[in-house]
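Taking it in order: structure first as structure tokens, then the write-up.
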Amino acid sequence: MVMFPPHDGLQGGSKISDDASGPHNDSSHNPAISNDSVPRQFQCRGYHRGVHSHAYRPPFGRLPLRFYPLTSSTANNLTLVPSMHMENLYYFLAVLQIGVGVYLIWQALQWLGYVRRRMHIDPGFNAPRVAVFCPCKGLEPGLERNLVSLTEFNHQNYEIFFILASDSDPAAPVLRRVMAGSRPKAHLIFADIPQDCGEKVNNLRVALEQLPEDFEVLVFADSDSRPGKAWLQRLTAPLSDARVGATTTMRWFIPNRNDLATLLLAAWNAPIVTMLTEKGKNFCWGGGTAIRRSVFEQIGVLDDWRTSVSDDYSLTRALGRTRRSILFVPECLTLSFVESSFSGLLEFTNRQILITRVYAEKMWASAAATHFLYCLTVLLGLALTIGNAIAQRPAFHIAALTFFILLLSAIRSGLRVAGVTEILPASRAQIMSQSWVYIILTTAVPFLYLINVINSVVTRKIRWRDIHYELVSANQTRIVES
């Protein structure tokens with residue numbers, strides 16, 4: 001209770017007995033006190049039982065508001081004000097996330113339908129002369145088996161061009177073994193050290209400048225991927241339609257180990273598969289893209305590559321400038337067997353997001369906002385659930401809403417896994433045995449993505465295959481350290 005200050009006949013700190021009368025016994029000096037007065041509330045509500053409404057009648061009718069005792073309910077109400085605002089914010093964000101989640105599930109269903117339709121399309125008998133380019137650097141898990149898969153396509157009219165920066169690269173002996181047993185003709189090209197561009201881009205540019213004129217279609221592959229035998233035929237078949245600017249596909253990571261960093265890497269990559277759709281604004285993936293040579297030369301990609309670090313985003317930008325479409329070919333989804341440490345995980349994911357910010361800023365900003373709101377909603381829901389539970393206030397409805405948001409994300413991931421297992425039936429058992437990685441662990445991926453976004457805001461430097469680059473702009477790359 002707040003102590004009363006000295007006032008007229010009442011001395012500071014004096015106790016008021018229950019029988020004490022007012023300073024004036026004359027009833028004319030005792031104005032009536034209304035039923036809704038604060039002292040009356042003391043008696044009715046039972047606060048501070050030692051004081052009753054008839055205990056003390058102030059000479060001026062009632063005490064000023066600042067002299068009334070501060071009750072426990074008032075204090076509780078004051079502490080509840082921030083909590084109420086936070087709950088209102090949470091409800092708004094939760095409804096927003098539920099709406100986004102339902103929309104993304106609908107998109108996932110559309111994606112799954114597109115996958116099933118594409119799986120029943122006959123690629124036909126179109127067999128253009130194809131050049132397959134595979135830049136390499138260093139050793140990696142399954143390298144030789146990955147490279148051998150490039151020599152086993154059922155397409156008859158193609159040659160392979162392996163490219164290294166130098167003959168001293170540890171991958172050179174592996175490439176020579178693969179070339180010795182290759183059915184299609186295979187070439188090994190040394191591109192030398194890059195200047196003001198990425199090493200991979202430099203390798204591709206040098207190889208293309210040496211390419212004979214009789215090749216009609218260019219196909220780009222990665223050394224860490226393992227495509228199937230029908231991959232090349234299915235990837236190049238849609239190019240018979242002149243309206244198609246390029247075709248592309250995506251990778252699907254299979255963890256070689258069960259440590260958290262490797263599993264997070266596989267989960268982080270999985271949602272990218274459903275970013276490519278039937279009619280959306282698709283982008284090229286450097287590990288699986290096909291384009292007619294005539295189109296490639298018309299859109300001026302080689303000029304962009306002279307100062308770029310990203311082969312696929314530069315190709316995407318060039319196609320966009322000339323309003324040419326990019327067709328997603330899900331039936332060419334490519335397996336990639338991975339293992340990673342936490343430092344390797346951050347290096348890879350930070351690099352991908354920083355490159356996206358430099359070369360596709362609108363996509364980066366949209367994804368950053370989406371993941372930030374998701375993380376904020378989930379964290380706020382958890383905080384309010386715990387806080388309300390501790391304060392013995394209702395918390396179940398907040399916990400249920402938060403769980404529902406995570407459930408929507410898991411449902412979307414489940415639809416993605418269903419589509420992938422239909423595309424890759426030979427790997428279905430392995431994918432399903434690790435399905436929890438792609439379904440449950442992906443609910444935590446936005447938090448890793450947020451770290452990548454923050455990194456892309458504070459720096460323009462990346463590390464890629466032991467070379468440090470500074471991405472000044474989409475048209476300017478600086479090699480910091482090799």
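Residue numbers start at 1 in each chain; chains themselves are named A, B, ... in the order of the structure tokens; ligands are numbered from 1 in the order shown.
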
For this session: Write out as a list of chain:residue names each polymer residue whose atoms come within 6 Å of range 235-246 of chain A, counting only C-alpha atoms; drop sequence neighbours fewer than 5 positions from it.
Result: A:Pro123, A:Ala290, A:Ile291, A:Arg324, A:Ser325, A:Ile326

Using N, CA and C atoms, can you write the selected residues to a file as a compact mmCIF listing (two decimals), in the first residue's frame?
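Output file out19.txt is given in full below:
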# COMPACT_ATOMS: atom_id res chain seq x y z
N PRO A 123 10.52 -38.20 -75.06
CA PRO A 123 11.50 -37.22 -75.56
C PRO A 123 11.65 -37.23 -77.07
N ALA A 290 20.83 -26.90 -70.78
CA ALA A 290 21.07 -27.10 -72.21
C ALA A 290 20.55 -25.89 -72.97
N ILE A 291 21.28 -25.48 -74.02
CA ILE A 291 20.89 -24.33 -74.82
C ILE A 291 21.42 -24.52 -76.24
N ARG A 324 13.79 -14.64 -73.49
CA ARG A 324 13.74 -16.06 -73.87
C ARG A 324 13.41 -16.89 -72.63
N SER A 325 12.60 -17.90 -72.82
CA SER A 325 12.10 -18.70 -71.70
C SER A 325 13.12 -19.74 -71.25
N ILE A 326 12.98 -20.15 -69.99
CA ILE A 326 13.79 -21.24 -69.41
C ILE A 326 12.82 -22.32 -68.97

Problem set entry | All residues 9 Å or closer to Phe396 in chain A, only C-alpha atoms, same chain fewer than 5 positions away omitted, as a list in words |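 Those residues are Thr385, Ala389 and Leu401 of chain A.
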
Could you write those residues out with C-alpha atoms, as an mmCIF file, in the first residue's frame?
data_model
loop_
_atom_site.group_PDB
_atom_site.id
_atom_site.type_symbol
_atom_site.label_atom_id
_atom_site.label_comp_id
_atom_site.auth_asym_id
_atom_site.auth_seq_id
_atom_site.Cartn_x
_atom_site.Cartn_y
_atom_site.Cartn_z
ATOM 1 C CA THR A 385 3.898 -20.096 -25.204
ATOM 2 C CA ALA A 389 2.799 -21.103 -19.315
ATOM 3 C CA LEU A 401 -0.905 -22.120 -33.994
#

Run DSSP on the backbone and give me the residues of range 204-305 of chain A it puts in strand (DSSP E), as a CSV table (one decimal) with N, CA and C atoms, in the first residue's frame.
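In the end it all went to out_8.csv:
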chain,number,residue,atom,x,y,z
A,217,VAL,N,24.2,-28.0,-79.9
A,217,VAL,CA,23.6,-27.8,-78.6
A,217,VAL,C,24.8,-27.8,-77.6
A,218,LEU,N,24.7,-26.9,-76.6
A,218,LEU,CA,25.7,-26.9,-75.5
A,218,LEU,C,25.0,-27.3,-74.2
A,219,VAL,N,25.6,-28.2,-73.5
A,219,VAL,CA,25.1,-28.7,-72.2
A,219,VAL,C,26.2,-28.5,-71.1
A,220,PHE,N,25.7,-28.0,-70.0
A,220,PHE,CA,26.7,-27.8,-68.9
A,220,PHE,C,26.4,-28.7,-67.7
A,221,ALA,N,27.4,-29.4,-67.2
A,221,ALA,CA,27.2,-30.3,-66.1
A,221,ALA,C,28.3,-30.0,-65.0
A,244,VAL,N,11.6,-22.3,-76.9
A,244,VAL,CA,12.3,-22.6,-75.6
A,244,VAL,C,13.7,-22.0,-75.8
A,245,GLY,N,14.0,-21.1,-74.9
A,245,GLY,CA,15.4,-20.5,-74.9
A,245,GLY,C,16.4,-21.5,-74.3
A,246,ALA,N,16.1,-22.1,-73.2
A,246,ALA,CA,17.1,-23.0,-72.6
A,246,ALA,C,16.2,-24.0,-71.7
A,247,THR,N,16.8,-25.1,-71.4
A,247,THR,CA,16.2,-26.1,-70.5
A,247,THR,C,17.2,-26.2,-69.3
A,248,THR,N,16.6,-26.5,-68.1
A,248,THR,CA,17.4,-26.6,-66.9
A,248,THR,C,16.7,-27.6,-66.0
A,251,ARG,N,19.7,-30.1,-58.7
A,251,ARG,CA,20.3,-31.2,-58.0
A,251,ARG,C,19.4,-31.6,-56.8
A,252,TRP,N,19.7,-32.9,-56.3
A,252,TRP,CA,19.0,-33.4,-55.1
A,252,TRP,C,20.2,-34.0,-54.3
A,253,PHE,N,20.4,-33.4,-53.1
A,253,PHE,CA,21.5,-33.9,-52.2
A,253,PHE,C,21.1,-35.1,-51.5
A,254,ILE,N,22.0,-36.1,-51.5
A,254,ILE,CA,21.9,-37.3,-50.7
A,254,ILE,C,23.0,-37.3,-49.7
A,255,PRO,N,22.8,-37.3,-48.4
A,255,PRO,CA,23.8,-37.2,-47.4
A,255,PRO,C,24.6,-38.5,-47.4
A,288,GLY,N,23.2,-28.4,-64.8
A,288,GLY,CA,22.2,-29.1,-65.7
A,288,GLY,C,21.4,-28.2,-66.5
A,289,THR,N,22.1,-27.6,-67.5
A,289,THR,CA,21.4,-26.6,-68.4
A,289,THR,C,21.8,-27.0,-69.9
A,290,ALA,N,20.8,-26.9,-70.8
A,290,ALA,CA,21.1,-27.1,-72.2
A,290,ALA,C,20.5,-25.9,-73.0
A,291,ILE,N,21.3,-25.5,-74.0
A,291,ILE,CA,20.9,-24.3,-74.8
A,291,ILE,C,21.4,-24.5,-76.2
A,292,ARG,N,20.6,-24.1,-77.2
A,292,ARG,CA,21.1,-24.1,-78.6
A,292,ARG,C,22.3,-23.2,-78.8

For this session: Could you give me the residues within range 63-282 of chain A that DSSP places in alpha helix (DSSP H), as a ChimeraX atom specification?
Result: /A:72-119,143-149,172-180,199-209,231-236,260-269

For this session: Can you work out which one of A:Asn126, A:Ser149, A:Ser336, A:Ser294 has the shortest atom-to-atom distance to Ser225 in chain A, counting only C-alpha atoms?
Result: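 Ranking A:Asn126, A:Ser149, A:Ser336, A:Ser294 by distance to Ser225 in chain A, first place goes to A:Ser336.
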
Excluding range 131-142 of chain A and any residue of its chain fewer than 2 positions from it, enumerate the residues within 6 Å of it, using only C-alpha atoms, and give them as a tab-separated table (two decimals) with C-alpha atoms, in the first residue's frame.
chain	number	residue	atom	x	y	z
A	144	GLU	CA	35.29	-40.71	-60.57
A	145	ARG	CA	31.84	-42.32	-60.48
A	158	TYR	CA	27.73	-36.16	-78.21
A	159	GLU	CA	31.26	-35.46	-76.99
A	160	ILE	CA	32.54	-34.51	-73.53
A	161	PHE	CA	34.84	-31.63	-72.72
A	162	PHE	CA	36.50	-31.81	-69.29
A	163	ILE	CA	38.19	-28.55	-68.26
A	164	LEU	CA	40.85	-27.88	-65.60
A	170	PRO	CA	44.66	-33.42	-58.34
A	171	ALA	CA	41.66	-34.29	-60.51
A	218	LEU	CA	25.66	-26.87	-75.50
A	219	VAL	CA	25.11	-28.74	-72.23
A	220	PHE	CA	26.67	-27.76	-68.88
A	221	ALA	CA	27.24	-30.32	-66.11
A	222	ASP	CA	28.94	-30.36	-62.69
A	223	SER	CA	31.57	-32.77	-61.44

For this session: Point out the residue among A:Pro194, A:Gly287, A:Gly320, A:Pro271 with the least atom-to-atom distance to Thr442 in chain A, counting only C-alpha atoms.
Result: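 Going through A:Pro194, A:Gly287, A:Gly320, A:Pro271 one by one, the smallest distance to Thr442 in chain A is for A:Pro271.
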
Exercise. From the set A:Leu335, A:Val201, A:Met119, A:Leu143, which residue has the shortest atom-to-atom contact distance to Ala426 in chain A, counting only C-alpha atoms?
Worked result: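 Residue with the minimum atom-to-atom distance to Ala426 in chain A: A:Leu335.
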
Problem set entry | Distance criterion (only C-alpha atoms): nearest to Val472 in chain A out of A:Asp196, A:Asp169, A:Asp122, A:Glu213 |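 Among the listed residues, the smallest separation from Val472 in chain A belongs to A:Asp196.
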
Exercise. Could you pull the residues within 10 Å of Asn258 in chain A, counting only C-alpha atoms, minus those fewer than 6 positions along the same chain, as number ranges by chain?
Worked result: A: 264, 339, 434, 437

What's around Ser413 in chain A at 12 Å? Count only C-alpha atoms, leave out sequence neighbours fewer than 6 positions away in its own chain, and write the answer as a PDB file with N, CA and C atoms, in the first residue's frame.
ATOM      1  N   GLY A 101       1.575 -20.411 -46.067  1.00  0.00           N
ATOM      2  CA  GLY A 101       1.763 -21.859 -46.049  1.00  0.00           C
ATOM      3  C   GLY A 101       0.756 -22.594 -46.914  1.00  0.00           C
ATOM      4  N   LEU A 104       1.635 -21.999 -50.546  1.00  0.00           N
ATOM      5  CA  LEU A 104       2.803 -22.776 -50.976  1.00  0.00           C
ATOM      6  C   LEU A 104       2.469 -24.265 -51.109  1.00  0.00           C
ATOM      7  N   ILE A 105       1.544 -24.752 -50.302  1.00  0.00           N
ATOM      8  CA  ILE A 105       1.094 -26.138 -50.476  1.00  0.00           C
ATOM      9  C   ILE A 105       0.369 -26.287 -51.813  1.00  0.00           C
ATOM     10  N   GLN A 107       0.954 -24.488 -54.431  1.00  0.00           N
ATOM     11  CA  GLN A 107       2.024 -24.461 -55.432  1.00  0.00           C
ATOM     12  C   GLN A 107       2.746 -25.808 -55.503  1.00  0.00           C
ATOM     13  N   ALA A 108       2.955 -26.444 -54.350  1.00  0.00           N
ATOM     14  CA  ALA A 108       3.609 -27.749 -54.329  1.00  0.00           C
ATOM     15  C   ALA A 108       2.763 -28.798 -55.041  1.00  0.00           C
ATOM     16  N   LEU A 109       1.447 -28.716 -54.886  1.00  0.00           N
ATOM     17  CA  LEU A 109       0.562 -29.626 -55.605  1.00  0.00           C
ATOM     18  C   LEU A 109       0.636 -29.380 -57.107  1.00  0.00           C
ATOM     19  N   TRP A 111       3.244 -28.178 -58.645  1.00  0.00           N
ATOM     20  CA  TRP A 111       4.569 -28.686 -59.025  1.00  0.00           C
ATOM     21  C   TRP A 111       4.538 -30.210 -59.182  1.00  0.00           C
ATOM     22  N   LEU A 112       3.892 -30.893 -58.244  1.00  0.00           N
ATOM     23  CA  LEU A 112       3.804 -32.350 -58.309  1.00  0.00           C
ATOM     24  C   LEU A 112       3.032 -32.795 -59.552  1.00  0.00           C
ATOM     25  N   ALA A 267      19.049 -30.692 -46.339  1.00  0.00           N
ATOM     26  CA  ALA A 267      17.761 -30.044 -46.067  1.00  0.00           C
ATOM     27  C   ALA A 267      17.719 -28.640 -46.652  1.00  0.00           C
ATOM     28  N   TRP A 268      18.823 -27.909 -46.586  1.00  0.00           N
ATOM     29  CA  TRP A 268      18.901 -26.540 -47.106  1.00  0.00           C
ATOM     30  C   TRP A 268      18.672 -26.514 -48.608  1.00  0.00           C
ATOM     31  N   ASN A 269      19.203 -27.504 -49.316  1.00  0.00           N
ATOM     32  CA  ASN A 269      19.112 -27.520 -50.770  1.00  0.00           C
ATOM     33  C   ASN A 269      17.729 -27.950 -51.270  1.00  0.00           C
ATOM     34  N   ALA A 270      17.026 -28.778 -50.497  1.00  0.00           N
ATOM     35  CA  ALA A 270      15.783 -29.397 -50.978  1.00  0.00           C
ATOM     36  C   ALA A 270      14.729 -28.391 -51.473  1.00  0.00           C
ATOM     37  N   PRO A 271      14.421 -27.304 -50.751  1.00  0.00           N
ATOM     38  CA  PRO A 271      13.361 -26.400 -51.211  1.00  0.00           C
ATOM     39  C   PRO A 271      13.637 -25.738 -52.559  1.00  0.00           C
ATOM     40  N   ILE A 272      14.904 -25.681 -52.983  1.00  0.00           N
ATOM     41  CA  ILE A 272      15.227 -25.034 -54.262  1.00  0.00           C
ATOM     42  C   ILE A 272      14.575 -25.773 -55.421  1.00  0.00           C
ATOM     43  N   VAL A 273      14.382 -27.085 -55.251  1.00  0.00           N
ATOM     44  CA  VAL A 273      13.800 -27.898 -56.327  1.00  0.00           C
ATOM     45  C   VAL A 273      12.415 -27.380 -56.712  1.00  0.00           C
ATOM     46  N   THR A 274      11.610 -26.990 -55.739  1.00  0.00           N
ATOM     47  CA  THR A 274      10.255 -26.533 -56.029  1.00  0.00           C
ATOM     48  C   THR A 274      10.193 -25.044 -56.369  1.00  0.00           C
ATOM     49  N   LEU A 406       4.409 -24.912 -38.589  1.00  0.00           N
ATOM     50  CA  LEU A 406       5.453 -25.889 -38.879  1.00  0.00           C
ATOM     51  C   LEU A 406       4.883 -27.075 -39.655  1.00  0.00           C
ATOM     52  N   LEU A 407       3.648 -27.455 -39.331  1.00  0.00           N
ATOM     53  CA  LEU A 407       3.012 -28.578 -40.021  1.00  0.00           C
ATOM     54  C   LEU A 407       2.799 -28.266 -41.498  1.00  0.00           C
ATOM     55  N   GLY A 419       7.334 -36.192 -55.078  1.00  0.00           N
ATOM     56  CA  GLY A 419       7.686 -35.953 -56.471  1.00  0.00           C
ATOM     57  C   GLY A 419       9.085 -36.434 -56.808  1.00  0.00           C
ATOM     58  N   VAL A 420      10.033 -36.206 -55.903  1.00  0.00           N
ATOM     59  CA  VAL A 420      11.423 -36.612 -56.153  1.00  0.00           C
ATOM     60  C   VAL A 420      11.541 -38.126 -56.249  1.00  0.00           C
ATOM     61  N   SER A 435      13.946 -39.492 -45.346  1.00  0.00           N
ATOM     62  CA  SER A 435      12.889 -38.518 -45.635  1.00  0.00           C
ATOM     63  C   SER A 435      12.693 -37.509 -44.502  1.00  0.00           C
ATOM     64  N   TRP A 436      12.977 -37.895 -43.259  1.00  0.00           N
ATOM     65  CA  TRP A 436      12.819 -36.956 -42.146  1.00  0.00           C
ATOM     66  C   TRP A 436      13.733 -35.743 -42.305  1.00  0.00           C
ATOM     67  N   VAL A 437      14.876 -35.948 -42.977  1.00  0.00           N
ATOM     68  CA  VAL A 437      15.792 -34.830 -43.229  1.00  0.00           C
ATOM     69  C   VAL A 437      15.111 -33.801 -44.120  1.00  0.00           C
ATOM     70  N   TYR A 438      14.443 -34.268 -45.176  1.00  0.00           N
ATOM     71  CA  TYR A 438      13.822 -33.380 -46.151  1.00  0.00           C
ATOM     72  C   TYR A 438      12.462 -32.851 -45.701  1.00  0.00           C
ATOM     73  N   ILE A 439      11.849 -33.498 -44.695  1.00  0.00           N
ATOM     74  CA  ILE A 439      10.511 -33.090 -44.261  1.00  0.00           C
ATOM     75  C   ILE A 439      10.547 -32.342 -42.931  1.00  0.00           C
ATOM     76  N   ILE A 440      11.228 -32.896 -41.947  1.00  0.00           N
ATOM     77  CA  ILE A 440      11.233 -32.293 -40.606  1.00  0.00           C
ATOM     78  C   ILE A 440      12.343 -31.256 -40.458  1.00  0.00           C
ATOM     79  N   LEU A 441      13.546 -31.624 -40.902  1.00  0.00           N
ATOM     80  CA  LEU A 441      14.679 -30.714 -40.716  1.00  0.00           C
ATOM     81  C   LEU A 441      14.532 -29.441 -41.543  1.00  0.00           C
ATOM     82  N   THR A 442      13.799 -29.513 -42.639  1.00  0.00           N
ATOM     83  CA  THR A 442      13.608 -28.317 -43.462  1.00  0.00           C
ATOM     84  C   THR A 442      12.808 -27.228 -42.743  1.00  0.00           C
ATOM     85  N   THR A 443      12.060 -27.593 -41.700  1.00  0.00           N
ATOM     86  CA  THR A 443      11.331 -26.569 -40.944  1.00  0.00           C
ATOM     87  C   THR A 443      12.288 -25.630 -40.214  1.00  0.00           C
ATOM     88  N   VAL A 445      15.357 -24.876 -41.606  1.00  0.00           N
ATOM     89  CA  VAL A 445      16.251 -24.310 -42.616  1.00  0.00           C
ATOM     90  C   VAL A 445      16.149 -22.788 -42.713  1.00  0.00           C
TER      91      VAL A 445
END

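Interatomic distance, CA of Met250 in chain A to CA of His120 in chain A: 19.0 Å.
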
For this session: Identify, on the basis of only C-alpha atoms, every residue whose closest approach to Cys375 in chain A does not exceed 9 Å; exclude the query and any residue fewer than 6 positions from it along the same chain; express the result as a list in words.
Result: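 Skipping anything fewer than 6 positions along the chain leaves Ala444, Pro446, Phe447 and Leu450 of chain A.
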
For this session: Counting only C-alpha atoms, figure out which residue out of A:Ala400, A:Ile411, A:Leu382, A:Leu333 gets nearest to Ser427 in chain A.
Result: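 Nearest to Ser427 in chain A: A:Leu333.
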
For this session: Could you check which of A:Asp311, A:Asp224, A:Glu361, A:Glu87 is closest to Lys200 in chain A, using only C-alpha atoms?
Result: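 Closest residue, counting only C-alpha atoms: A:Asp311.
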
Problem set entry | Selection: 7 Å around Glu216 in chain A, only C-alpha atoms, excl. self and same-chain fewer than 2 positions, as a ChimeraX atom specification | /A:128-130,214,218,292-293

For this session: For CA of Leu302 in chain A and CA of Trp464 in chain A, determine how far apart the two atoms are, in Å to one decimal place.
Result: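 CA of Trp464 in chain A lies at a distance of 20.9 Å from CA of Leu302 in chain A.
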